[in-house]
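J.: My questions will all concern the structure given below.
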Amino acid sequence: MSVIALCSAKGSPGVTLAGQVLASVWPRPVALVDADPAGGDILWRCRTPQGGPLNPDHGLLSLAAAARRDADETNLSEHLQQTNLGQSVLVGLSSQEQLTGLGSVWTQLPSLLARHTEDVLVDCGQLSAGSAALPVIHKADAVLVVVRPDMEGVAHLRSRLFQFGKSLRMGDADGTPVLIAVATTYRDTQSATHLQQLLDSEGIPARVVGVFAEDAKGAGIFTSTRAGAPGRTLLARSARVIAQALVSVPSVEQRIGMV
Ligand SMILES: Nc1ncnc2c1ncn2[C@@H]1O[C@H](COP(=O)(O)OP(=O)(O)OP(=O)(O)O)[C@@H](O)[C@H]1O
Ligand SMILES: [Mg+2]
């Protein structure tokens, strides 16, 4: 059972979509949690199995209310909704204004997620100082940063990894592994290798694990604007490699045992 935090360094490289695609190809039962403090997108993108909208009040908000009443008795599973793509999702905030009402749930979230009985993929939005999702990122079994391989994308990635390298204890045997997924065209066979070389040359202990293919048709299927088989999209095929790398990362408990 692992908790994987998904985030961006800056911009919108496709973190939320990456979470949706990873959840659909994940080799074990998994829940997708929308914990982007800037406001969630899962609510707007996913449909119920009957094709209707998801319930905006049954998700992070209801989880926070339950945790305020009794955190020990609160279970993530009671706040998940099923989607037409067969996924279990925790819908996030409908707007950033709801953030203030959530209170202590951000500090309780890591343990609520960790005791879930399935793997959890958490969309944490942008990795930045002051993000309410930092407790989740710091306690995750692994962090996956999605990045575009252009100059700005790589520059912001470097600066975020330098900024958070210490608090994540990146590179320590029992620190948090940071994995990188490059958002680019499937024809781009170079960017992932170049990025890994750059990180290595700067002594940044992060591992590039694959590419999320640019795939407008596939994105349409995952965002409910297009019909089709999600599993056969280019996006899903590219995500399988990344999912495999993520499930192979030892959990926090296993890493502590190894030290
Ligand atoms: N691999 C991809 N191929 C095609 N379109 C994509 C891909 N990834 C993302 N998109 C599209 O780009 C837009 C932004 O994607 P997404 O919302 O997943 O990014 P994000 O990083 O989560 O952004 P935000 O910072 O707003 O949360 C969406 O319209 C999505 O459909
Ligand atoms: Mg997003």
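Chain identifiers are assigned as A, B, and so on, following the order in which chains appear in the structure tokens; residues are numbered from 1 within each chain, and ligands are numbered from 1 in order of appearance.
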Please identify the residues whose atoms come within 6 Å of ligand 2, using only C-alpha atoms and all ligand atoms, and report them as a VMD selection string.
T.: chain A and resid 15 to 16 125
J.: Give me, as a ChimeraX atom specification, the residues of region 81-199 of chain A that a backbone DSSP run labels alpha helix (DSSP H).
T.: /A:99-102,105-114,134-139,151-164,191-199
J.: Neighbours of Gly175 (chain A) within 10 Å (only C-alpha atoms; same-chain residues fewer than 2 positions away dropped), as an MDAnalysis selection string?
T.: chainID A and resid 138:139 141:142 165:173 177:178 252 255:256
J.: Write to file, as a compact mmCIF listing (two decimals), in the first residue's frame, the residues of the selection just made, with C-alpha atoms.
T.:
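To be explicit, this is the file written out as part_37.txt:
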# COMPACT_ATOMS: atom_id res chain seq x y z
CA HIS A 138 6.48 15.27 2.75
CA LYS A 139 4.89 12.07 4.09
CA ASP A 141 6.02 7.09 -0.16
CA ALA A 142 7.16 8.75 -3.39
CA GLY A 165 15.63 18.53 -1.54
CA LYS A 166 16.49 18.96 2.13
CA SER A 167 13.00 18.68 3.62
CA LEU A 168 12.24 15.63 1.46
CA ARG A 169 15.68 14.23 2.35
CA MET A 170 16.08 13.35 -1.30
CA GLY A 171 18.86 10.87 -1.81
CA ASP A 172 18.83 9.59 1.80
CA ALA A 173 18.08 5.88 2.01
CA PRO A 177 12.17 9.24 -3.58
CA VAL A 178 11.48 11.90 -6.19
CA VAL A 252 8.25 4.53 3.70
CA ARG A 255 12.69 2.01 3.46
CA ILE A 256 12.94 2.62 7.18
J.: Give me, as CSV, the closest atom pair and its distance (Å, one decimal) for every residue of chain A within a cut-off of 6 Å of ligand 1, counting only C-alpha atoms and all ligand atoms, rows sorted by chain and rising number.
T.:
residue,atom,partner,partner_atom_place_in_ligand_line,distance
A:Gly11,CA,ligand 1,25 (O),5.7
A:Ser12,CA,ligand 1,21 (O),3.3
A:Pro13,CA,ligand 1,21 (O),4.2
A:Gly14,CA,ligand 1,19 (O),3.1
A:Val15,CA,ligand 1,22 (O),3.8
A:Thr16,CA,ligand 1,22 (O),3.7
A:Leu17,CA,ligand 1,18 (O),3.7
A:Gly125,CA,ligand 1,27 (O),5.4
A:Phe212,CA,ligand 1,1 (N),5.5
A:Ala213,CA,ligand 1,1 (N),5.0
A:Glu214,CA,ligand 1,3 (N),3.5
A:Asp215,CA,ligand 1,3 (N),3.8
A:Ala216,CA,ligand 1,4 (C),4.0
A:Ala219,CA,ligand 1,31 (O),4.8
J.: Rounded to one decimal, what separation in Å do you get between CA of Val146 (chain A) and CA of Gln190 (chain A)?
T.: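 CA of Gln190 (chain A) lies 16.3 Å from CA of Val146 (chain A).
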J.: Would you give me, as a VMD selection string, the residues in region 72-259 of chain A that DSSP reads as strand (DSSP E or B)?
T.: chain A and resid 81 to 82 88 to 91 119 to 126 142 to 147 178 to 184 206 to 213
J.: Return the single residue from A:Asp36, A:Glu73, A:Asp150, A:Glu253 that is closest to Asp123 (chain A), with distances computed using only C-alpha atoms.
T.: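 For Asp123 (chain A), the nearest of the given residues is A:Asp36.
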J.: Skipping near chain neighbours, those fewer than 3 positions away, what residues fall within 7 Å of Gly218 (chain A) using only C-alpha atoms, listed as number ranges by chain?
T.: A: 215, 221-222, 230, 233-235
J.: Could the residues in this selection be written to a file with N, CA and C atoms, as a PDB file, in the first residue's frame?
T.:
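Okay, this is what ended up in out-v4.pdb:
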ATOM      1  N   ASP A 215      -1.230  13.672 -26.138  1.00  0.00           N
ATOM      2  CA  ASP A 215      -2.247  12.875 -26.812  1.00  0.00           C
ATOM      3  C   ASP A 215      -3.602  13.560 -26.603  1.00  0.00           C
ATOM      4  N   ILE A 221     -10.728  11.684 -23.857  1.00  0.00           N
ATOM      5  CA  ILE A 221     -11.439  10.537 -23.266  1.00  0.00           C
ATOM      6  C   ILE A 221     -11.399  10.627 -21.734  1.00  0.00           C
ATOM      7  N   PHE A 222     -10.232  11.007 -21.212  1.00  0.00           N
ATOM      8  CA  PHE A 222     -10.109  11.080 -19.747  1.00  0.00           C
ATOM      9  C   PHE A 222     -10.818  12.301 -19.164  1.00  0.00           C
ATOM     10  N   PRO A 230     -10.250   4.190 -22.841  1.00  0.00           N
ATOM     11  CA  PRO A 230      -9.092   4.839 -22.212  1.00  0.00           C
ATOM     12  C   PRO A 230      -7.828   3.996 -22.240  1.00  0.00           C
ATOM     13  N   THR A 233      -5.405   4.301 -25.348  1.00  0.00           N
ATOM     14  CA  THR A 233      -4.838   5.587 -25.761  1.00  0.00           C
ATOM     15  C   THR A 233      -3.309   5.560 -25.632  1.00  0.00           C
ATOM     16  N   LEU A 234      -2.715   6.464 -26.394  1.00  0.00           N
ATOM     17  CA  LEU A 234      -1.269   6.657 -26.311  1.00  0.00           C
ATOM     18  C   LEU A 234      -0.878   7.064 -24.883  1.00  0.00           C
ATOM     19  N   LEU A 235      -1.735   7.892 -24.298  1.00  0.00           N
ATOM     20  CA  LEU A 235      -1.500   8.340 -22.918  1.00  0.00           C
ATOM     21  C   LEU A 235      -1.402   7.150 -21.964  1.00  0.00           C
TER      22      LEU A 235
END
J.: What gap, in Å, lies between CA of Ser8 (chain A) and CA of Gln126 (chain A)?
T.: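 Atom-to-atom, CA of Ser8 (chain A) to CA of Gln126 (chain A), that is 4.7 Å.
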